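K.L.:
Would you mind keeping the following structure in view while I ask a few things?
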Amino acid sequence: MESAVLSVGIDIGTSTTQLVLTRLTIQNKASSFSVPSIVISKKEIIYQSGIIFTPLLDGYTIDYSRIAQFVSQEYLKAGIDRQTIQMGAIIITGETARKENAERVIQTLSHDAGDFVVATAGPDLEGILAAKGAGAGKYSKEKKVPVINLDIGGGTTNLAALDGDQVLDTACFDVGGRLIRINPTSLEVSYIAPKIKHLIHQLNLGLLEGSVLQSAEQLNPIIDVLVHVLENSVGIGERNPFFDLFITNHDFSKLNPSLIRSITFSGGVADCMAQDDPQNPFGYGDIGLLLGRKLRESLIFEHKTVVHSRETIRATVVGAGSYSVTVSGSTISYTQNVLPIRNIPVLHLAVENAKLDTDRLAARIKNQLEIFRIHGVLSNVAIYITGLNSPSFAQLQSCARGIRLGAEELIKKGVPLIVVTNEDVAKALGHSLFTYLPRKYPYVCIDRIRAASGDYIDIGEPVAHTAVLPVSVKTLLFN
Amino acid sequence: MEKENEQILSDISQINMREQLLVPNPNNREGYMKIKSFTPARLGLWRCGPRYKTQSILRFRADHAAAQDSVFSYVNPELIKVMQFIAIQTFCQSKDEYLTRPDLGRRFSKENEEKIKQQITGHPKIQLVVGDGLSSAAIEANIKEIIPSIKQGLNYYGLDCEKHIFVKYCRVGVMDQVGEITDADVVCMLIGERPGLATAQSMSAYIAYRPTMGMPEMRRTVVSNIHAQGIPPVEAGAYISELLYKMLNYKKSGLDLKAVENGN
């Protein structure tokens with residue numbers, strides 16, 4: 001049995017906004033005499049929108065009505081009825097995520113854009129979606145080697161290290177093509193990003209907004225630092241003294257990037273890298289082309305294997321459309337009318353079968369729930385349990401009772417109990433929860449999900465003709 | 001190496017082969033380990049001239065012996081007692097007869113029939129049957145976990161099952177005779193699978209709606225590969241409970257059940 005699902009990806013970035021529509025094929029990979037194993041087996045992009053500048057009302061607010069209008073128009077052009085869009089994701093990134101109405105804009109849009117369209121934000125997730133959209137995950141899976149993708153956009157470079165489907169680490173730097181904007185004809189500098197201003201000051205370059213450039217070479221010392229920082233970011237060369245200045249939130253901390261040999265590039269600057277000496281280095285009114293050229297001559301090409309990426313400027317939006325939603329395991333358990341569930345923070349508990357103890361587990365849950373109490377109010381959480389590797393029936397009961405007791409306060413509030421596991425136990429655990437929960441208490445218990453504390457989770461209604469639920473594990477970071 | 005030599009390994013099969021790479025100085029150890037993580041196959045054993053290393057041969061023989069043992073050993077009578085199974089036996093009188101005469105392993109005597117009839121009355125909705133099959137080790141490893149899980153799952157669907165039958169020298173076809181004499185709506189047989197070199201603890205469930213002797217095999221629904229490294233027994237139990245519920249609902253099993261489900 002195969003079924004097709006239509007998915008939308010929308011990327012509202014620092015400078016541009018775009019949309020793609022993807023057809024996902026969902027298929028049972030198991031033979032008809034085993035437990036079903038349902039996976040997303042194929043992802044085809046069926047429509048790509050034009051790229052528009054992200055509409056703003058003023059410096060602090062996003063123009064929601066123009067974004068909504070853009071989405072409707074693109075659906076119309078694609079000949080797609082929004083009722084038929086079953087899943088997808090909107091990602092708001094870079095500067096735009098810092099606008100005052102950023103959160104409201106994507107939450108509203110996520111409800112308007114389709115059935116189960118999730119709202120996401122955050123530089124790490126952006127890097128992951130871009131890497132997957134660029135095809136780094138696919139390459140890694142085929143060659144069985146880890147890959148780092150650098151998504152170099154207007155304002156930031158988002159790095160993600162992937163090993164197949166698994167995310168090894170992420171990093172983000174304030175290095176991008178539009179950090180300095182220059183009028184292509186008059187060569188007047190119209191904008192310099194704050195960190196670049198700091199750099200110019202330190203290097204004594206005497207360049208200001210309003211200055212007129214004599215030649216492109218004048219910017220070389222700045223571009224050299226940016227390229228050096230990116231070389232450093234993947235573990236090449238001596239640390240540049242400005243390395244720390246350009247870190248957005250963090251560099252790679254869980255792995256040593258110098259051990260990873262394969263690199264892919266995406267983002268607008270990846271396109272600039274591919275262009276052979278353009279007529280005007282400021283053709284795009286920014287430093288993208290200069291940065292691209294210097295990167296091509298950089299040590300990254302000498303020390304690493306640079307792999308062709310499938311998508312460049314559209315990598316993030318393609319990632320949002322194709323890789324932001326996965327499916328749960330096929331043996332799961334949930335009660336009627338609890339779905340969909342949106343924007344629930346994840347509370348992660350690692351357990352060991354042999355040490356499962358009802359009271360201790362309950363105490364750990366109660367303890368961790370405190371993190372989610374804001375102004376005295378406890379919001380609902382998804383209790384994410386890992387380590388349930390073929391538990392015995394008794395161990396499973398301890399776990400279910402521990403969850404029941406630990407979540408007492410949530411249960412008193414009557415909010416649905418949300419339990420997520422990594423290992424294949426959700427149906428049995430769900431049946432156990434049913435035994436210990438008050439009669440007819442709403443719950444959902446799903447498995448085969450990878451998440452971490454700090455993530456958010458959305459769970460949709462079952463995918464047509466299957467027993468699986470669409471799930472999105474994501475971040476929601478608005479600065 | 002030095003240190004390993006000093007220690008005594010009492011059982012070679014305690015080594016997790018998925019974490020063991022015998023290739024000296026591999027070019028890409030991580031890559032090799034990753035490939036090994038996808039399969040129970042014996043990869044990266046290295047060699048001595050054109051032959052396997054002694055360790056590999058010993059391990060192969062140990063695993064082969066475990067597989068044979070699981071066929072030729074019996075389910076612990078203590079377990080049958082603790083689980084309060086109604087114990088019966090097919091026409092087979094020995095393991096040899098069991099292996100050479102599959103036909104005798106599918107039927108049991110009038111005497112055994114009476115034993116069941118005495119204890120199981122009033123045609124149950126669901127009848128569980130446990131059979132040693134080709135692996136007693138599979139039953140010993142999984143049965144205590146899966147039966148409570150099936151019962152807990154049935155409770156979720158407002159159903160139950162009690163008084164389970166244990167069959168010695170059992171083949172799948174036994175469930176048809178059990179179906180006829182108990183008049184159960186659904187019979188679910190949990191039976192040890194033919195052991196392999198990867199695991200000797202794999203169990204299957206064969207489930208049928210109102211099975212009858214001589215019915216076509218397509219009426220059985222099968223859940224295979226139930227063991228700790230396959231489908232965990234507790235999860236398999238939960239899944240089986242749902243299948244039982246569906247069969248009672250649709251009054252169908254096997255390919256007929258698939259057809260109704262796909263048609264919906």
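Following the order of the structure tokens, first chain is A, next is B, and so on, with residues numbered from 1 inside each chain and ligands from 1 in the order they appear.
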Can you check which residues of chain B have any atom within 7 Å of chain A? Use only C-alpha atoms and format it as a PDB file with N, CA, C and O atoms, in the first residue's frame.
P.N.:
```pdb
ATOM      1  N   GLY B  31      33.373   3.224   9.963  1.00  0.00           N
ATOM      2  CA  GLY B  31      32.532   2.846   8.831  1.00  0.00           C
ATOM      3  C   GLY B  31      32.182   1.366   8.888  1.00  0.00           C
ATOM      4  O   GLY B  31      31.033   0.969   8.670  1.00  0.00           O
ATOM      5  N   GLU B 145       6.576 -12.495  29.276  1.00  0.00           N
ATOM      6  CA  GLU B 145       6.411 -11.073  28.971  1.00  0.00           C
ATOM      7  C   GLU B 145       5.215 -10.858  28.054  1.00  0.00           C
ATOM      8  O   GLU B 145       4.496  -9.875  28.176  1.00  0.00           O
ATOM      9  N   PRO B 148       1.064 -11.459  29.674  1.00  0.00           N
ATOM     10  CA  PRO B 148       0.449 -10.322  30.387  1.00  0.00           C
ATOM     11  C   PRO B 148       0.231  -9.104  29.484  1.00  0.00           C
ATOM     12  O   PRO B 148      -0.731  -8.350  29.672  1.00  0.00           O
ATOM     13  N   SER B 149       1.109  -8.936  28.510  1.00  0.00           N
ATOM     14  CA  SER B 149       0.953  -7.799  27.602  1.00  0.00           C
ATOM     15  C   SER B 149      -0.281  -7.978  26.707  1.00  0.00           C
ATOM     16  O   SER B 149      -1.022  -7.028  26.446  1.00  0.00           O
ATOM     17  N   GLN B 152      -3.257  -7.296  28.960  1.00  0.00           N
ATOM     18  CA  GLN B 152      -3.431  -5.870  29.224  1.00  0.00           C
ATOM     19  C   GLN B 152      -4.003  -5.156  27.992  1.00  0.00           C
ATOM     20  O   GLN B 152      -4.856  -4.274  28.113  1.00  0.00           O
ATOM     21  N   GLY B 153      -3.528  -5.573  26.820  1.00  0.00           N
ATOM     22  CA  GLY B 153      -4.050  -5.004  25.583  1.00  0.00           C
ATOM     23  C   GLY B 153      -5.523  -5.346  25.395  1.00  0.00           C
ATOM     24  O   GLY B 153      -6.330  -4.494  25.011  1.00  0.00           O
ATOM     25  N   TYR B 156      -7.765  -3.188  27.265  1.00  0.00           N
ATOM     26  CA  TYR B 156      -7.977  -1.903  26.594  1.00  0.00           C
ATOM     27  C   TYR B 156      -9.157  -1.992  25.621  1.00  0.00           C
ATOM     28  O   TYR B 156      -9.921  -1.048  25.471  1.00  0.00           O
ATOM     29  N   THR B 221      -3.135 -15.277  10.255  1.00  0.00           N
ATOM     30  CA  THR B 221      -2.360 -14.043  10.336  1.00  0.00           C
ATOM     31  C   THR B 221      -1.100 -14.360  11.133  1.00  0.00           C
ATOM     32  O   THR B 221      -1.184 -15.046  12.149  1.00  0.00           O
ATOM     33  N   VAL B 222       0.042 -13.907  10.638  1.00  0.00           N
ATOM     34  CA  VAL B 222       1.300 -14.245  11.305  1.00  0.00           C
ATOM     35  C   VAL B 222       2.012 -12.985  11.802  1.00  0.00           C
ATOM     36  O   VAL B 222       2.082 -11.982  11.096  1.00  0.00           O
ATOM     37  N   VAL B 223       2.503 -13.055  13.018  1.00  0.00           N
ATOM     38  CA  VAL B 223       3.425 -12.029  13.519  1.00  0.00           C
ATOM     39  C   VAL B 223       4.703 -12.782  13.863  1.00  0.00           C
ATOM     40  O   VAL B 223       4.706 -13.603  14.777  1.00  0.00           O
ATOM     41  N   SER B 224       5.757 -12.519  13.109  1.00  0.00           N
ATOM     42  CA  SER B 224       6.986 -13.288  13.343  1.00  0.00           C
ATOM     43  C   SER B 224       8.063 -12.403  13.958  1.00  0.00           C
ATOM     44  O   SER B 224       7.854 -11.216  14.178  1.00  0.00           O
ATOM     45  N   ALA B 228      13.849 -10.192  21.837  1.00  0.00           N
ATOM     46  CA  ALA B 228      14.357  -8.915  22.348  1.00  0.00           C
ATOM     47  C   ALA B 228      15.021  -8.057  21.276  1.00  0.00           C
ATOM     48  O   ALA B 228      14.938  -6.837  21.310  1.00  0.00           O
ATOM     49  N   PRO B 232      10.012  -6.427  20.287  1.00  0.00           N
ATOM     50  CA  PRO B 232      10.042  -6.759  21.710  1.00  0.00           C
ATOM     51  C   PRO B 232       8.762  -7.508  22.102  1.00  0.00           C
ATOM     52  O   PRO B 232       7.674  -7.137  21.656  1.00  0.00           O
ATOM     53  N   VAL B 234       6.813  -7.509  24.672  1.00  0.00           N
ATOM     54  CA  VAL B 234       5.701  -6.717  25.230  1.00  0.00           C
ATOM     55  C   VAL B 234       4.977  -5.945  24.129  1.00  0.00           C
ATOM     56  O   VAL B 234       3.743  -5.831  24.125  1.00  0.00           O
ATOM     57  N   GLU B 235       5.758  -5.428  23.162  1.00  0.00           N
ATOM     58  CA  GLU B 235       5.140  -4.648  22.077  1.00  0.00           C
ATOM     59  C   GLU B 235       4.365  -5.584  21.141  1.00  0.00           C
ATOM     60  O   GLU B 235       3.283  -5.259  20.672  1.00  0.00           O
ATOM     61  N   ALA B 238       1.031  -6.297  22.638  1.00  0.00           N
ATOM     62  CA  ALA B 238       0.084  -5.194  22.454  1.00  0.00           C
ATOM     63  C   ALA B 238      -0.490  -5.214  21.042  1.00  0.00           C
ATOM     64  O   ALA B 238      -1.687  -5.010  20.827  1.00  0.00           O
ATOM     65  N   TYR B 239       0.389  -5.491  20.070  1.00  0.00           N
ATOM     66  CA  TYR B 239      -0.038  -5.527  18.679  1.00  0.00           C
ATOM     67  C   TYR B 239      -0.986  -6.708  18.429  1.00  0.00           C
ATOM     68  O   TYR B 239      -2.008  -6.570  17.744  1.00  0.00           O
TER      69      TYR B 239
END
```
K.L.:
Can you check which residues of range 70-264 of chain A DSSP gives as strand (DSSP E or B) on the backbone and send them as JSON, numbers by chain?
P.N.:
{"A": [85, 86, 87, 88, 89, 90, 91, 92, 116, 117, 118, 119, 120, 121, 147, 148, 149, 150, 151, 152, 157, 158, 159, 160, 161, 162, 163, 166, 167, 168, 169, 170, 171, 172, 173, 180, 181, 182, 188, 189, 190, 191, 192, 212, 247, 262, 263, 264]}
K.L.:
Within 12 Å of Val260 in chain B, counting only C-alpha atoms, which residues qualify if same-chain residues fewer than 2 places away don't, as a tab-separated table (two decimals) with N, CA, C and O atoms, in the first residue's frame?
P.N.:
```
chain	number	residue	atom	x	y	z
B	246	LYS	N	-9.56	-6.90	16.19
B	246	LYS	CA	-10.01	-6.70	14.80
B	246	LYS	C	-10.66	-7.95	14.23
B	246	LYS	O	-11.67	-7.88	13.54
B	247	MET	N	-10.07	-9.11	14.53
B	247	MET	CA	-10.62	-10.36	14.00
B	247	MET	C	-12.02	-10.63	14.53
B	247	MET	O	-12.89	-11.09	13.80
B	249	ASN	N	-14.03	-8.35	15.43
B	249	ASN	CA	-14.88	-7.33	14.82
B	249	ASN	C	-15.29	-7.68	13.40
B	249	ASN	O	-16.45	-7.62	13.04
B	250	TYR	N	-14.27	-8.05	12.60
B	250	TYR	CA	-14.52	-8.31	11.18
B	250	TYR	C	-14.91	-9.78	10.92
B	250	TYR	O	-15.26	-10.13	9.81
B	251	LYS	N	-14.73	-10.62	11.95
B	251	LYS	CA	-14.96	-12.06	11.79
B	251	LYS	C	-14.13	-12.63	10.64
B	251	LYS	O	-14.61	-13.42	9.82
B	252	LYS	N	-12.88	-12.19	10.59
B	252	LYS	CA	-11.99	-12.64	9.51
B	252	LYS	C	-10.56	-12.67	10.02
B	252	LYS	O	-10.23	-12.00	10.99
B	253	SER	N	-9.70	-13.43	9.32
B	253	SER	CA	-8.27	-13.43	9.64
B	253	SER	C	-7.48	-13.65	8.37
B	253	SER	O	-8.04	-13.91	7.31
B	254	GLY	N	-6.16	-13.58	8.49
B	254	GLY	CA	-5.28	-13.84	7.35
B	254	GLY	C	-5.49	-12.86	6.22
B	254	GLY	O	-5.73	-11.68	6.45
B	255	LEU	N	-5.43	-13.36	4.99
B	255	LEU	CA	-5.55	-12.48	3.83
B	255	LEU	C	-6.93	-11.83	3.76
B	255	LEU	O	-7.07	-10.71	3.28
B	256	ASP	N	-7.96	-12.53	4.25
B	256	ASP	CA	-9.30	-11.95	4.24
B	256	ASP	C	-9.34	-10.68	5.09
B	256	ASP	O	-9.97	-9.69	4.73
B	257	LEU	N	-8.64	-10.73	6.24
B	257	LEU	CA	-8.61	-9.56	7.12
B	257	LEU	C	-7.88	-8.41	6.43
B	257	LEU	O	-8.32	-7.26	6.45
B	258	LYS	N	-6.74	-8.74	5.81
B	258	LYS	CA	-5.98	-7.73	5.06
B	258	LYS	C	-6.87	-7.04	4.03
B	258	LYS	O	-6.85	-5.83	3.88
B	262	ASN	N	-7.63	-3.11	3.89
B	262	ASN	CA	-7.19	-2.30	2.77
B	262	ASN	C	-8.35	-1.68	2.02
B	262	ASN	O	-8.22	-0.62	1.42
B	263	GLY	N	-9.48	-2.39	2.06
B	263	GLY	CA	-10.67	-1.87	1.38
B	263	GLY	C	-11.24	-0.65	2.09
B	263	GLY	O	-11.88	0.18	1.47
B	264	ASN	N	-10.98	-0.56	3.37
B	264	ASN	CA	-11.56	0.56	4.14
B	264	ASN	C	-10.93	1.89	3.81
B	264	ASN	O	-9.76	2.02	3.78
```
K.L.:
Excluding Ser65 in chain A and residues on its chain fewer than 3 positions from it, collect all residues at most 12 Å away from it, counting only C-alpha atoms, and give them as a list in words.
P.N.:
Thr54, Pro55, Leu56, Leu57, Thr61, Ile62, Ala68, Gln69, Phe70, Val71, Ser72, Val105, Ile106, Thr108, Leu109 and Asp112 of chain A
K.L.:
At a cut-off of 8 Å, using only C-alpha atoms, what residues contact range 165-176 of chain A? Leave out same-chain residues fewer than 5 positions from it and give the result as a list in words.
P.N.:
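Near range 165-176 of chain A, the qualifying residues are Pro123, Asp124, Gly127, Ile128, Gly137, Lys141, Ile152, Gly153, Gly154, Gly155, Thr156, Thr157, Asn158, Leu159, Ala160, Lys195, Leu226, Phe246, Ile247, Thr248, Asn249, His250, Asp251, Phe252, Ser253, Lys254, Leu255, Val269 and Gly288 of chain A.
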K.L.:
Could you find all residues in range 189-287 of chain A that DSSP calls helix (DSSP H, G or I) from the backbone, and write them as an MDAnalysis selection string?
P.N.:
chainID A and resid 194:203 216:233 244:246 257:259 268:274
K.L.:
Find the residues near range 40-53 of chain B: any atom within 8 Å, counting only C-alpha atoms, skip ones fewer than 2 places away on the same chain, and give them as a list in words.
P.N.:
Met17, Arg18, Leu21, Leu22, Val23, Pro24, Tyr32, Lys36, Ser37, Phe38, Gln55, Ser56, Ile57 and Ala198 of chain B
K.L.:
Kindly export the residues of the current selection with N, CA, C and O atoms, as a PDB file, in the first residue's frame.
P.N.:
```pdb
ATOM      1  N   MET B  17      28.739  -9.837  18.954  1.00  0.00           N
ATOM      2  CA  MET B  17      29.492  -9.818  17.706  1.00  0.00           C
ATOM      3  C   MET B  17      29.331  -8.520  16.929  1.00  0.00           C
ATOM      4  O   MET B  17      30.168  -8.177  16.117  1.00  0.00           O
ATOM      5  N   ARG B  18      28.236  -7.815  17.211  1.00  0.00           N
ATOM      6  CA  ARG B  18      28.048  -6.554  16.479  1.00  0.00           C
ATOM      7  C   ARG B  18      29.062  -5.501  16.924  1.00  0.00           C
ATOM      8  O   ARG B  18      29.296  -4.513  16.245  1.00  0.00           O
ATOM      9  N   LEU B  21      35.123  -6.413  16.035  1.00  0.00           N
ATOM     10  CA  LEU B  21      35.712  -6.381  14.699  1.00  0.00           C
ATOM     11  C   LEU B  21      37.091  -7.027  14.795  1.00  0.00           C
ATOM     12  O   LEU B  21      37.948  -6.568  15.550  1.00  0.00           O
ATOM     13  N   LEU B  22      37.277  -8.104  14.045  1.00  0.00           N
ATOM     14  CA  LEU B  22      38.538  -8.835  14.153  1.00  0.00           C
ATOM     15  C   LEU B  22      39.573  -8.396  13.110  1.00  0.00           C
ATOM     16  O   LEU B  22      40.698  -8.879  13.107  1.00  0.00           O
ATOM     17  N   VAL B  23      39.168  -7.474  12.239  1.00  0.00           N
ATOM     18  CA  VAL B  23      40.105  -6.993  11.218  1.00  0.00           C
ATOM     19  C   VAL B  23      41.190  -6.161  11.897  1.00  0.00           C
ATOM     20  O   VAL B  23      40.878  -5.190  12.571  1.00  0.00           O
ATOM     21  N   PRO B  24      42.466  -6.541  11.745  1.00  0.00           N
ATOM     22  CA  PRO B  24      43.515  -5.724  12.365  1.00  0.00           C
ATOM     23  C   PRO B  24      43.766  -4.462  11.540  1.00  0.00           C
ATOM     24  O   PRO B  24      43.713  -4.508  10.314  1.00  0.00           O
ATOM     25  N   TYR B  32      33.172   0.551   9.241  1.00  0.00           N
ATOM     26  CA  TYR B  32      32.971  -0.895   9.330  1.00  0.00           C
ATOM     27  C   TYR B  32      31.963  -1.227  10.434  1.00  0.00           C
ATOM     28  O   TYR B  32      31.032  -2.016  10.256  1.00  0.00           O
ATOM     29  N   LYS B  36      28.286  -3.092  10.316  1.00  0.00           N
ATOM     30  CA  LYS B  36      27.960  -4.220  11.194  1.00  0.00           C
ATOM     31  C   LYS B  36      26.698  -3.961  12.018  1.00  0.00           C
ATOM     32  O   LYS B  36      25.944  -4.878  12.331  1.00  0.00           O
ATOM     33  N   SER B  37      26.477  -2.688  12.350  1.00  0.00           N
ATOM     34  CA  SER B  37      25.315  -2.375  13.195  1.00  0.00           C
ATOM     35  C   SER B  37      23.989  -2.636  12.480  1.00  0.00           C
ATOM     36  O   SER B  37      22.945  -2.729  13.104  1.00  0.00           O
ATOM     37  N   PHE B  38      24.041  -2.744  11.146  1.00  0.00           N
ATOM     38  CA  PHE B  38      22.805  -2.949  10.390  1.00  0.00           C
ATOM     39  C   PHE B  38      22.429  -4.425  10.246  1.00  0.00           C
ATOM     40  O   PHE B  38      21.363  -4.751   9.757  1.00  0.00           O
ATOM     41  N   GLN B  55      38.832 -18.351  16.721  1.00  0.00           N
ATOM     42  CA  GLN B  55      37.736 -17.732  17.460  1.00  0.00           C
ATOM     43  C   GLN B  55      36.431 -17.740  16.671  1.00  0.00           C
ATOM     44  O   GLN B  55      35.368 -18.030  17.212  1.00  0.00           O
ATOM     45  N   SER B  56      36.523 -17.441  15.371  1.00  0.00           N
ATOM     46  CA  SER B  56      35.315 -17.394  14.544  1.00  0.00           C
ATOM     47  C   SER B  56      34.681 -18.771  14.421  1.00  0.00           C
ATOM     48  O   SER B  56      33.460 -18.913  14.455  1.00  0.00           O
ATOM     49  N   ILE B  57      35.541 -19.781  14.263  1.00  0.00           N
ATOM     50  CA  ILE B  57      35.016 -21.147  14.127  1.00  0.00           C
ATOM     51  C   ILE B  57      34.341 -21.586  15.424  1.00  0.00           C
ATOM     52  O   ILE B  57      33.234 -22.132  15.412  1.00  0.00           O
ATOM     53  N   ALA B 198      21.577 -16.441  14.233  1.00  0.00           N
ATOM     54  CA  ALA B 198      21.512 -15.095  14.804  1.00  0.00           C
ATOM     55  C   ALA B 198      20.822 -15.119  16.164  1.00  0.00           C
ATOM     56  O   ALA B 198      21.257 -14.477  17.108  1.00  0.00           O
TER      57      ALA B 198
END
```
K.L.:
Would you mind telling me which residue in A:Val463, A:Ala362, A:Leu378, A:Ala78 lies nearest to Ala400 in chain A when using only C-alpha atoms?
P.N.:
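Once distances to Ala400 in chain A are computed over only C-alpha atoms, the minimum belongs to A:Ala362.
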K.L.:
What is the CA of Leu208 in chain A-CA of Leu179 in chain A distance in Å, reported with one decimal?
P.N.:
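That distance, rounded to one decimal, is 12.9 Å.
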K.L.:
Give me the residues within 10 Å of Ile260 in chain A as a ChimeraX atom specification, counting only C-alpha atoms and dropping any in the same chain fewer than 3 places off.
P.N.:
/A:145-148,161-162,234-235,255-257,263,304-305
K.L.:
Tell me which of A:Tyr456, A:Tyr323, A:Tyr284, A:Tyr75 sits closest to Leu21 in chain A, counting only C-alpha atoms.
P.N.:
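Of the candidates, the smallest distance to Leu21 in chain A is held by A:Tyr75.
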K.L.:
Counting only C-alpha atoms, which residue out of A:Gly237, A:Ala320, A:Asp151, A:Ile383 sits closest to Asp271 in chain A?
P.N.:
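Under the stated criterion, the closest residue is A:Asp151.
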K.L.:
What does the distance between CA of Gly376 in chain A and CA of Leu417 in chain A come to in Å, to one decimal place?
P.N.:
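Value for the CA of Gly376 in chain A-CA of Leu417 in chain A distance: 19.8 Å.
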K.L.:
Here is a test: counting only C-alpha atoms, which residue of A:Ala464, A:Glu311, A:Ile85, A:Ile91 is nearest to Glu2 in chain A?
P.N.:
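Smallest distance to Glu2 in chain A is found for A:Ala464.
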K.L.:
So the first atom is CA of Ala134 in chain A and the second is CA of Val327 in chain A; what is the distance between them in Å, to one decimal place?
P.N.:
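Between CA of Ala134 in chain A and CA of Val327 in chain A the gap works out to 21.3 Å.
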